[in-house]
$ cat data26.cif   # mmCIF, C-alpha atoms
data_coords
loop_
_atom_site.label_atom_id
_atom_site.label_comp_id
_atom_site.auth_asym_id
_atom_site.auth_seq_id
_atom_site.Cartn_x
_atom_site.Cartn_y
_atom_site.Cartn_z
CA MET M 1 103.23 148.62 76.97
CA ILE M 2 102.18 148.85 80.61
CA LYS M 3 98.51 148.79 79.58
CA HIS M 4 99.08 145.63 77.54
CA LEU M 5 100.88 143.99 80.48
CA MET M 6 98.10 144.94 82.90
CA LEU M 7 95.48 143.56 80.49
CA LEU M 8 97.41 140.29 80.12
CA LEU M 9 97.66 139.88 83.90
CA ALA M 10 93.96 140.58 84.29
CA LEU M 11 93.09 137.96 81.68
CA ILE M 12 95.30 135.39 83.39
CA ALA M 13 93.72 136.13 86.76
CA ALA M 14 90.20 135.85 85.32
CA ALA M 15 90.83 132.63 83.40
CA PRO M 16 89.44 129.51 85.09
CA LEU M 17 92.08 127.21 86.51
CA ALA M 18 92.34 123.78 84.92
CA ASP M 19 91.10 120.98 87.14
CA ALA M 20 93.88 119.29 89.05
CA ALA M 21 94.75 115.80 87.87
CA PRO M 22 93.04 113.13 89.99
CA ALA M 23 95.17 111.48 92.63
CA PRO M 24 96.55 108.13 91.46
CA ALA M 25 95.04 105.24 93.39
CA ILE M 26 98.41 103.52 93.79
CA VAL M 27 101.85 105.11 93.97
CA ASP M 28 105.30 103.56 94.30
CA ALA M 29 108.32 104.58 96.34
CA ALA M 30 109.88 106.58 93.48
CA TRP M 31 106.68 108.62 93.07
CA LEU M 32 106.51 109.32 96.80
CA LYS M 33 110.13 110.44 96.98
CA ALA M 34 109.52 112.84 94.09
CA ASN M 35 106.29 114.23 95.58
CA ALA M 36 106.95 114.04 99.32
CA ALA M 37 106.58 117.78 99.83
CA ASP M 38 103.07 117.79 98.36
CA VAL M 39 101.46 114.93 100.27
CA VAL M 40 100.66 113.78 103.78
CA VAL M 41 101.74 110.21 104.54
CA VAL M 42 99.41 108.37 106.92
CA ASP M 43 101.26 105.54 108.64
CA LEU M 44 99.06 102.65 109.87
CA GLN M 45 101.55 101.09 112.30
CA ASP M 46 100.90 100.93 116.03
CA PRO M 47 102.56 103.83 117.90
CA LYS M 48 105.52 101.80 119.19
CA ALA M 49 106.41 100.54 115.73
CA PHE M 50 105.93 104.05 114.31
CA ALA M 51 108.43 105.43 116.82
CA ARG M 52 110.99 102.85 115.63
CA PHE M 53 110.73 103.66 111.93
CA HIS M 54 108.53 105.69 109.60
CA ILE M 55 108.72 107.89 106.52
CA PRO M 56 109.88 111.43 107.39
CA GLY M 57 106.94 113.76 108.01
CA ALA M 58 104.39 110.95 108.29
CA VAL M 59 101.50 111.10 110.76
CA ASN M 60 100.58 108.02 112.77
CA LEU M 61 96.98 106.80 112.73
CA ALA M 62 97.17 103.13 113.69
CA TYR M 63 94.89 100.77 111.79
CA ASP M 64 92.83 99.99 114.90
CA ALA M 65 91.70 103.63 114.94
CA TRP M 66 89.97 103.09 111.59
CA ARG M 67 87.67 100.32 112.88
CA THR M 68 85.22 100.07 115.76
CA GLN M 69 85.72 97.83 118.76
CA ALA M 70 82.88 96.06 120.58
CA PRO M 71 82.25 97.27 124.15
CA LYS M 72 84.42 95.53 126.73
CA GLY M 73 82.83 92.30 127.93
CA ASN M 74 80.29 92.27 125.11
CA LYS M 75 79.13 88.78 124.14
CA ASP M 76 76.21 89.76 121.95
CA PRO M 77 77.00 88.66 118.37
CA ALA M 78 74.57 91.29 117.10
CA VAL M 79 76.99 93.99 118.27
CA LEU M 80 79.40 94.02 115.35
CA GLN M 81 82.99 95.08 115.75
CA SER M 82 85.72 96.05 113.29
CA MET M 83 83.21 98.21 111.43
CA LEU M 84 83.50 101.68 109.88
CA PRO M 85 83.50 104.21 112.76
CA PRO M 86 80.92 107.02 112.64
CA VAL M 87 81.82 110.19 110.76
CA GLU M 88 81.56 112.08 114.06
CA ARG M 89 84.61 110.15 115.24
CA LEU M 90 86.63 110.00 112.02
CA ALA M 91 86.49 113.66 110.97
CA PRO M 92 87.87 115.04 114.29
CA MET M 93 90.52 112.30 114.30
CA LEU M 94 91.78 113.45 110.92
CA GLY M 95 91.68 117.13 111.85
CA THR M 96 93.59 116.50 115.08
CA ALA M 97 96.22 114.61 113.07
CA GLY M 98 96.67 117.67 110.86
CA ILE M 99 94.87 116.33 107.78
CA GLY M 100 92.62 118.80 105.97
CA ASN M 101 90.32 118.63 102.99
CA ASP M 102 92.97 120.02 100.63
CA ASP M 103 95.62 117.44 101.53
CA HIS M 104 96.65 114.62 99.22
CA VAL M 105 96.95 111.60 101.53
CA VAL M 106 99.23 108.62 100.87
CA ILE M 107 98.44 105.58 103.00
CA ALA M 108 101.43 103.55 104.14
CA ALA M 109 101.01 100.14 105.76
CA THR M 110 104.04 98.13 106.87
CA GLY M 111 104.02 96.10 103.65
CA ARG M 112 104.67 92.61 104.98
CA GLY M 113 102.07 90.95 102.75
CA ALA M 114 98.52 90.94 101.39
CA GLY M 115 97.03 91.62 104.83
CA ASP M 116 98.88 94.92 105.12
CA LEU M 117 97.93 95.85 101.57
CA ALA M 118 94.28 95.09 102.42
CA ALA M 119 94.50 97.36 105.48
CA ALA M 120 95.75 100.22 103.32
CA ALA M 121 92.97 99.55 100.81
CA ARG M 122 90.36 99.69 103.56
CA VAL M 123 91.64 103.06 104.78
CA PHE M 124 91.56 104.21 101.14
CA TRP M 125 87.88 103.13 101.08
CA THR M 126 87.25 105.00 104.32
CA PHE M 127 88.55 108.25 102.81
CA LYS M 128 86.29 107.67 99.79
CA VAL M 129 83.29 107.14 102.10
CA LEU M 130 84.19 110.43 103.81
CA GLY M 131 84.13 112.18 100.42
CA HIS M 132 87.89 112.70 100.20
CA ASP M 133 89.24 111.74 96.75
CA ALA M 134 92.83 112.95 97.04
CA VAL M 135 94.07 109.66 98.45
CA SER M 136 96.58 107.04 97.28
CA VAL M 137 98.01 103.75 98.56
CA LEU M 138 101.78 103.28 98.79
CA ASP M 139 102.51 100.07 96.88
CA GLY M 140 104.75 97.82 98.96
CA GLY M 141 104.29 99.95 102.07
CA LEU M 142 107.24 100.79 104.30
CA VAL M 143 109.06 97.58 103.37
CA GLY M 144 108.99 98.44 99.68
CA TYR M 145 109.92 102.05 100.40
CA ALA M 146 112.98 101.01 102.44
CA GLU M 147 114.03 98.40 99.88
CA SER M 148 114.00 101.09 97.19
CA GLY M 149 116.45 103.19 99.21
CA GLY M 150 113.84 105.38 100.88
CA ARG M 151 114.91 106.90 104.19
CA LEU M 152 113.11 105.93 107.39
CA VAL M 153 113.42 107.88 110.64
CA GLN M 154 112.76 107.30 114.33
CA GLY M 155 110.78 109.25 116.91
CA THR M 156 107.34 110.84 116.78
CA GLU M 157 105.96 113.63 114.63
CA GLN M 158 102.86 115.79 114.77
CA ARG M 159 101.37 118.16 112.22
CA PRO M 160 99.49 121.26 113.37
CA ALA M 161 95.83 120.45 113.98
CA THR M 162 93.34 121.58 111.38
CA THR M 163 89.71 120.95 110.41
CA PHE M 164 88.54 118.06 108.28
CA THR M 165 84.99 118.35 106.98
CA ALA M 166 83.49 115.09 105.80
CA LYS M 167 81.16 114.88 102.79
CA PRO M 168 79.83 111.36 103.39
CA ARG M 169 78.99 108.98 100.56
CA PRO M 170 76.84 106.35 102.31
CA GLU M 171 76.25 104.57 99.01
CA LEU M 172 79.86 103.34 99.18
CA ALA M 173 79.17 101.56 102.48
CA PRO M 174 76.01 99.49 101.97
CA ASP M 175 74.46 97.66 104.91
CA ALA M 176 72.81 94.23 104.69
CA ALA M 177 69.52 95.63 103.38
CA ALA M 178 71.30 97.66 100.71
CA VAL M 179 73.37 94.63 99.73
CA GLN M 180 70.18 92.59 99.35
CA ALA M 181 68.80 95.27 97.02
CA LEU M 182 72.03 95.34 94.99
CA LEU M 183 72.02 91.56 94.60
CA ALA M 184 68.36 91.60 93.59
CA ASP M 185 69.29 94.09 90.86
CA GLY M 186 71.93 91.74 89.51
CA ALA M 187 75.11 92.73 91.36
CA LEU M 188 77.65 89.91 91.61
CA PRO M 189 78.82 88.94 95.13
CA VAL M 190 82.60 88.45 95.31
CA ASP M 191 83.96 86.43 98.25
CA ALA M 192 87.50 87.50 99.20
CA ARG M 193 87.94 84.88 101.92
CA SER M 194 89.90 81.65 101.65
CA GLU M 195 88.61 78.73 99.60
CA GLY M 196 87.90 76.82 102.82
CA GLU M 197 85.60 79.54 104.11
CA TYR M 198 83.98 79.94 100.69
CA VAL M 199 82.96 76.27 100.40
CA GLY M 200 81.82 76.09 104.03
CA LEU M 201 84.57 74.07 105.71
CA TYR M 202 85.04 76.67 108.42
CA THR M 203 83.90 80.16 109.43
CA GLY M 204 85.42 83.32 110.83
CA ASP M 205 83.34 83.06 114.00
CA SER M 206 81.47 80.33 115.86
CA ASP M 207 78.20 82.27 115.51
CA GLU M 208 78.40 82.32 111.70
CA ARG M 209 76.67 79.79 109.50
CA PRO M 210 79.25 78.18 107.18
CA GLY M 211 79.19 78.97 103.50
CA THR M 212 78.92 82.04 101.33
CA ILE M 213 76.36 84.40 99.83
CA PRO M 214 74.48 82.42 97.15
CA GLY M 215 75.89 83.04 93.68
CA ALA M 216 79.17 84.44 94.96
CA LYS M 217 82.41 84.02 93.03
CA SER M 218 85.56 83.18 94.98
CA LEU M 219 88.53 85.53 94.67
CA PRO M 220 90.87 85.09 97.67
CA HIS M 221 92.30 88.46 98.66
CA ASP M 222 95.91 87.26 98.79
CA TRP M 223 95.77 86.49 95.07
CA ILE M 224 95.64 90.25 94.47
CA ALA M 225 99.13 90.72 95.94
CA ALA M 226 102.17 89.78 93.88
CA ASP M 227 103.76 86.56 95.11
CA GLY M 228 102.74 87.02 98.74
CA SER M 229 104.30 90.48 98.98
CA GLY M 230 102.79 93.82 99.99
CA LYS M 231 102.69 94.91 96.35
CA LEU M 232 99.82 94.68 93.89
CA ARG M 233 99.92 92.55 90.79
CA THR M 234 99.85 94.44 87.51
CA ALA M 235 96.50 95.64 86.17
CA GLY M 236 96.78 93.16 83.30
CA ALA M 237 97.40 90.23 85.65
CA LEU M 238 94.50 91.32 87.87
CA ARG M 239 92.14 91.43 84.89
CA GLN M 240 93.21 87.88 84.06
CA LEU M 241 92.48 86.82 87.65
CA PHE M 242 89.02 88.38 87.60
CA ALA M 243 88.25 86.72 84.28
CA ALA M 244 89.53 83.34 85.51
CA ARG M 245 87.07 83.51 88.41
CA GLY M 246 84.16 84.50 86.19
CA ILE M 247 84.07 88.13 87.32
CA ASP M 248 83.55 90.86 84.75
CA PRO M 249 85.80 93.73 85.99
CA ALA M 250 83.20 96.27 84.79
CA ALA M 251 80.12 94.56 86.26
CA GLU M 252 78.29 95.70 89.38
CA GLN M 253 79.87 93.88 92.32
CA VAL M 254 79.60 93.48 96.09
CA HIS M 255 82.90 92.48 97.72
CA PHE M 256 82.80 90.79 101.13
CA CYS M 257 84.85 88.66 103.51
CA HIS M 258 84.43 88.11 107.27
CA SER M 259 84.57 91.71 108.46
CA GLY M 260 85.31 93.91 105.45
CA ASN M 261 89.11 93.86 105.73
CA ARG M 262 90.30 91.29 103.19
CA ALA M 263 87.54 92.27 100.77
CA ALA M 264 88.87 95.83 100.71
CA LEU M 265 91.74 94.54 98.58
CA THR M 266 89.61 92.83 95.92
CA TRP M 267 87.30 95.88 95.95
CA PHE M 268 90.32 98.16 95.53
CA ALA M 269 91.37 96.28 92.40
CA ALA M 270 87.91 96.73 90.86
CA TYR M 271 87.09 100.26 92.04
CA ALA M 272 90.45 102.00 92.06
CA LEU M 273 92.44 100.18 89.37
CA PHE M 274 89.69 99.22 86.92
CA GLY M 275 87.66 102.37 87.55
CA ASN M 276 84.53 100.37 88.38
CA GLU M 277 82.41 102.77 90.44
CA ASN M 278 79.70 100.10 90.62
CA ALA M 279 81.91 97.94 92.84
CA LYS M 280 80.89 98.11 96.50
CA LEU M 281 82.54 96.95 99.73
CA TYR M 282 80.20 95.29 102.24
CA ASP M 283 81.49 96.34 105.64
CA GLY M 284 79.43 93.90 107.75
CA SER M 285 80.32 91.00 105.42
CA MET M 286 79.75 87.44 106.69
CA MET M 287 80.13 88.61 110.29
CA GLU M 288 76.71 90.23 109.81
CA TRP M 289 75.22 88.23 106.92
CA ALA M 290 75.82 84.72 108.29
CA GLN M 291 74.50 85.64 111.72
CA THR M 292 71.23 86.99 110.30
CA VAL M 293 69.00 83.92 110.07
CA ASP M 294 66.69 85.26 107.36
CA LEU M 295 69.57 85.93 104.95
CA PRO M 296 70.52 83.00 102.67
CA VAL M 297 73.84 81.14 102.91
CA ALA M 298 75.05 78.46 100.51
CA ALA M 299 77.64 75.82 101.50
CA GLU M 300 79.24 73.73 98.76
CA ILE M 301 80.62 71.22 101.28
CA GLU M 302 78.66 70.15 104.36
CA LEU M 303 80.58 67.69 106.52
CA CYS M 304 78.84 65.50 109.10
CA ASP M 305 80.82 65.76 112.34
CA ALA M 306 78.79 62.91 113.87
CA CYS M 307 79.48 60.51 111.00
#

$ encode --input "data26.cif" --output "structure tokens"
Amino acid sequence: MIKHLMLLLALIAAAPLADAAPAPAIVDAAWLKANAADVVVVDLQDPKAFARFHIPGAVNLAYDAWRTQAPKGNKDPAVLQSMLPPVERLAPMLGTAGIGNDDHVVIAATGRGAGDLAAAARVFWTFKVLGHDAVSVLDGGLVGYAESGGRLVQGTEQRPATTFTAKPRPELAPDAAAVQALLADGALPVDARSEGEYVGLYTGDSDERPGTIPGAKSLPHDWIAADGSGKLRTAGALRQLFAARGIDPAAEQVHFCHSGNRAALTWFAAYALFGNENAKLYDGSMMEWAQTVDLPVAAEIELCDAC
């Protein structure tokens, strides 16, 4: 009997473990409450707001920490800001915050609207670029969590520091040259800015030429959120939106806006919800493209200010 038991235990120990289920791209408040002990919540609020209210156990990494800032006093438009920080900065930041490679991260923005949802989607993208797949976005953010009866606490919290080792995927963060190559191969540019920016009525910066990338389809980022909230529309409704704008959800795509923030939300719908791994987010977006004179820009409406 003992021999049989020992043999059974040995077989169990030797058997390969089944692969863990992939992390869901989007989770709701009920899911988070049920799985709180197994995840690390990353709160994107500024530190003062975090101290006023946050999900118990959350770590605070304000959204500004996830994007670069131009040097103080810089007036050179070629020096882009609000870009993806270098891996050498991001990996230590995560380790210091107590986030390791084995942690399932849930990103929580405030949840006041589409802008907050886009911020969470961009941080989701950042984790993907770093090679970390165990990451989810909290649908509705803190607002949705509180409205569902979730408990929020005050004060500050800190997890023990650890080591985060990045496994970069540069193909997920194409630069202007890579975007040109993708478009030449047939990728569809998707403009997540407002209709006014898309047709060329105004720009995100005075140094940008008005208009869009030639051939781009317009899909304003706030259409992805449900009725102006911080929650996503259903997958079925999003597929209808993509189809209505002439965008095949499965086609190769390049999502862009002014600086890669709003476009993170349209990209998230394609990449994370539709499973389209051929969807790319262009970090430099029109901030880079429209300031580079040898890159083409198309404006549907060109008004004559002197007329």

$ residues_around --input "data26.cif" --residues "M:Lys231" --least-positions-apart "4" --cutoff "8 Å" --atoms "all atoms listed in the file" --output "list in words"
Gly111, Gly113, Ala114, Leu117, Asp139, Gly140, Gly141, Gly144, Ala225 and Ala226 of chain M

$ atom_distance --input "data26.cif" --atom1 "atom CA of M:Leu219" --atom2 "atom CA of M:Gln240"
11.8 Å

$ resolve_selection --input "data26.cif" --expression "the PyMOL selection byres ((chain M and resi 30-34) around 8)" --output "list in words"
Val27, Asp28, Ala29, Asn35, Ala36, Leu138, Ser148 and Gly150 of chain M

$ closest_atom_pairs --input "data26.cif" --of "stretch 86-126 of chain M" --to "stretch 52-69 of chain M" --cutoff "9 Å" --atoms "all atoms listed in the file" --output "JSON lines"
{"residue": "M:Pro86", "atom": "CA", "partner": "M:Thr68", "partner_atom": "CA", "distance": 8.7}
{"residue": "M:Leu90", "atom": "CA", "partner": "M:Trp66", "partner_atom": "CA", "distance": 7.7}
{"residue": "M:Met93", "atom": "CA", "partner": "M:Leu61", "partner_atom": "CA", "distance": 8.6}
{"residue": "M:Leu94", "atom": "CA", "partner": "M:Leu61", "partner_atom": "CA", "distance": 8.6}
{"residue": "M:Ala97", "atom": "CA", "partner": "M:Val59", "partner_atom": "CA", "distance": 6.7}
{"residue": "M:Gly98", "atom": "CA", "partner": "M:Val59", "partner_atom": "CA", "distance": 8.2}
{"residue": "M:Ile99", "atom": "CA", "partner": "M:Val59", "partner_atom": "CA", "distance": 9.0}
{"residue": "M:Ala108", "atom": "CA", "partner": "M:Ile55", "partner_atom": "CA", "distance": 8.8}
{"residue": "M:Ala109", "atom": "CA", "partner": "M:Tyr63", "partner_atom": "CA", "distance": 8.6}
{"residue": "M:Ala119", "atom": "CA", "partner": "M:Tyr63", "partner_atom": "CA", "distance": 7.2}
{"residue": "M:Ala120", "atom": "CA", "partner": "M:Tyr63", "partner_atom": "CA", "distance": 8.5}
{"residue": "M:Arg122", "atom": "CA", "partner": "M:Trp66", "partner_atom": "CA", "distance": 8.7}
{"residue": "M:Val123", "atom": "CA", "partner": "M:Trp66", "partner_atom": "CA", "distance": 7.0}
{"residue": "M:Thr126", "atom": "CA", "partner": "M:Trp66", "partner_atom": "CA", "distance": 8.0}

$ residues_near_point --input "data26.cif" --point "(86.5, 94.7, 88.3)" --cutoff "8 Å" --atoms "all atoms listed in the file" --output "ChimeraX atom specification"
/M:239,242,247-251,253,267,269-271,274-276,279

$ closest_residue --input "data26.cif" --among "M:Val254, M:Tyr282, M:Gly236, M:Pro214" --to "M:Pro296" --atoms "only C-alpha atoms"
M:Pro214

$ closest_residue --input "data26.cif" --among "M:Val87, M:Glu302, M:Thr163, M:Asp46" --to "M:Asp102" --atoms "only C-alpha atoms"
M:Thr163

$ atom_distance --input "data26.cif" --atom1 "atom CA of M:Ser218" --atom2 "atom CA of M:Val190"
6.1 Å

$ atom_distance --input "data26.cif" --atom1 "atom CA of M:Gly115" --atom2 "atom CA of M:Pro189"
20.8 Å

$ residues_around --input "data26.cif" --residues "M:Glu197" --least-positions-apart "6" --cutoff "8 Å" --atoms "all atoms listed in the file" --output "list in words"
Thr203, Gly204, Pro210, Gly211 and Thr212 of chain M

$ resolve_selection --input "data26.cif" --expression "the PyMOL selection byres ((chain M and resi 256) around 7)" --output "JSON, numbers by chain"
{"M": [190, 191, 192, 254, 255, 257, 258, 260, 263, 281, 282, 285]}

$ residues_around --input "data26.cif" --residues "M:Ala298" --least-positions-apart "3" --cutoff "12 Å" --atoms "all atoms listed in the file" --output "VMD selection string"
chain M and resid 197 to 201 209 to 217 286 289 to 290 295 301 to 302

$ build_atoms --input "data26.cif" --residues "stretch 119-142 of chain M" --atoms "N, CA and C atoms" --output "PDB file, keeping the file's coordinate frame"
ATOM      1  N   ALA M 119      94.741  96.310 104.485  1.00  0.00           N
ATOM      2  CA  ALA M 119      94.500  97.360 105.480  1.00  0.00           C
ATOM      3  C   ALA M 119      94.599  98.737 104.840  1.00  0.00           C
ATOM      4  N   ALA M 120      95.611  98.936 104.007  1.00  0.00           N
ATOM      5  CA  ALA M 120      95.750 100.220 103.320  1.00  0.00           C
ATOM      6  C   ALA M 120      94.576 100.468 102.388  1.00  0.00           C
ATOM      7  N   ALA M 121      94.116  99.409 101.711  1.00  0.00           N
ATOM      8  CA  ALA M 121      92.970  99.550 100.810  1.00  0.00           C
ATOM      9  C   ALA M 121      91.714  99.911 101.573  1.00  0.00           C
ATOM     10  N   ARG M 122      91.556  99.366 102.772  1.00  0.00           N
ATOM     11  CA  ARG M 122      90.360  99.690 103.560  1.00  0.00           C
ATOM     12  C   ARG M 122      90.386 101.151 104.020  1.00  0.00           C
ATOM     13  N   VAL M 123      91.551 101.650 104.398  1.00  0.00           N
ATOM     14  CA  VAL M 123      91.640 103.060 104.780  1.00  0.00           C
ATOM     15  C   VAL M 123      91.381 103.947 103.559  1.00  0.00           C
ATOM     16  N   PHE M 124      91.874 103.520 102.392  1.00  0.00           N
ATOM     17  CA  PHE M 124      91.560 104.210 101.140  1.00  0.00           C
ATOM     18  C   PHE M 124      90.040 104.300 100.970  1.00  0.00           C
ATOM     19  N   TRP M 125      89.347 103.171 101.164  1.00  0.00           N
ATOM     20  CA  TRP M 125      87.880 103.130 101.080  1.00  0.00           C
ATOM     21  C   TRP M 125      87.250 104.083 102.083  1.00  0.00           C
ATOM     22  N   THR M 126      87.803 104.127 103.288  1.00  0.00           N
ATOM     23  CA  THR M 126      87.250 105.000 104.320  1.00  0.00           C
ATOM     24  C   THR M 126      87.314 106.459 103.884  1.00  0.00           C
ATOM     25  N   PHE M 127      88.444 106.868 103.309  1.00  0.00           N
ATOM     26  CA  PHE M 127      88.550 108.250 102.810  1.00  0.00           C
ATOM     27  C   PHE M 127      87.504 108.493 101.717  1.00  0.00           C
ATOM     28  N   LYS M 128      87.292 107.519 100.840  1.00  0.00           N
ATOM     29  CA  LYS M 128      86.290 107.670  99.790  1.00  0.00           C
ATOM     30  C   LYS M 128      84.891 107.824 100.389  1.00  0.00           C
ATOM     31  N   VAL M 129      84.582 107.033 101.420  1.00  0.00           N
ATOM     32  CA  VAL M 129      83.290 107.140 102.100  1.00  0.00           C
ATOM     33  C   VAL M 129      83.124 108.521 102.721  1.00  0.00           C
ATOM     34  N   LEU M 130      84.219 109.090 103.203  1.00  0.00           N
ATOM     35  CA  LEU M 130      84.190 110.430 103.810  1.00  0.00           C
ATOM     36  C   LEU M 130      84.125 111.535 102.768  1.00  0.00           C
ATOM     37  N   GLY M 131      84.202 111.175 101.483  1.00  0.00           N
ATOM     38  CA  GLY M 131      84.130 112.180 100.420  1.00  0.00           C
ATOM     39  C   GLY M 131      85.451 112.804 100.071  1.00  0.00           C
ATOM     40  N   HIS M 132      86.556 112.163 100.464  1.00  0.00           N
ATOM     41  CA  HIS M 132      87.890 112.700 100.200  1.00  0.00           C
ATOM     42  C   HIS M 132      88.539 111.876  99.084  1.00  0.00           C
ATOM     43  N   ASP M 133      88.719 112.478  97.906  1.00  0.00           N
ATOM     44  CA  ASP M 133      89.240 111.740  96.750  1.00  0.00           C
ATOM     45  C   ASP M 133      90.745 111.831  96.567  1.00  0.00           C
ATOM     46  N   ALA M 134      91.388 112.792  97.200  1.00  0.00           N
ATOM     47  CA  ALA M 134      92.830 112.950  97.040  1.00  0.00           C
ATOM     48  C   ALA M 134      93.546 111.968  97.971  1.00  0.00           C
ATOM     49  N   VAL M 135      93.509 110.705  97.604  1.00  0.00           N
ATOM     50  CA  VAL M 135      94.070 109.660  98.450  1.00  0.00           C
ATOM     51  C   VAL M 135      94.696 108.589  97.573  1.00  0.00           C
ATOM     52  N   SER M 136      95.839 108.071  98.013  1.00  0.00           N
ATOM     53  CA  SER M 136      96.580 107.040  97.280  1.00  0.00           C
ATOM     54  C   SER M 136      97.093 105.999  98.273  1.00  0.00           C
ATOM     55  N   VAL M 137      97.394 104.820  97.764  1.00  0.00           N
ATOM     56  CA  VAL M 137      98.010 103.750  98.560  1.00  0.00           C
ATOM     57  C   VAL M 137      99.453 103.602  98.123  1.00  0.00           C
ATOM     58  N   LEU M 138     100.362 103.496  99.092  1.00  0.00           N
ATOM     59  CA  LEU M 138     101.780 103.280  98.790  1.00  0.00           C
ATOM     60  C   LEU M 138     102.000 101.796  98.510  1.00  0.00           C
ATOM     61  N   ASP M 139     102.287 101.451  97.271  1.00  0.00           N
ATOM     62  CA  ASP M 139     102.510 100.070  96.880  1.00  0.00           C
ATOM     63  C   ASP M 139     103.759  99.536  97.578  1.00  0.00           C
ATOM     64  N   GLY M 140     103.617  98.403  98.249  1.00  0.00           N
ATOM     65  CA  GLY M 140     104.750  97.820  98.960  1.00  0.00           C
ATOM     66  C   GLY M 140     104.933  98.346 100.365  1.00  0.00           C
ATOM     67  N   GLY M 141     104.202  99.411 100.723  1.00  0.00           N
ATOM     68  CA  GLY M 141     104.290  99.950 102.070  1.00  0.00           C
ATOM     69  C   GLY M 141     105.688 100.373 102.474  1.00  0.00           C
ATOM     70  N   LEU M 142     105.941 100.358 103.776  1.00  0.00           N
ATOM     71  CA  LEU M 142     107.240 100.790 104.300  1.00  0.00           C
ATOM     72  C   LEU M 142     108.362  99.839 103.880  1.00  0.00           C
TER      73      LEU M 142
END
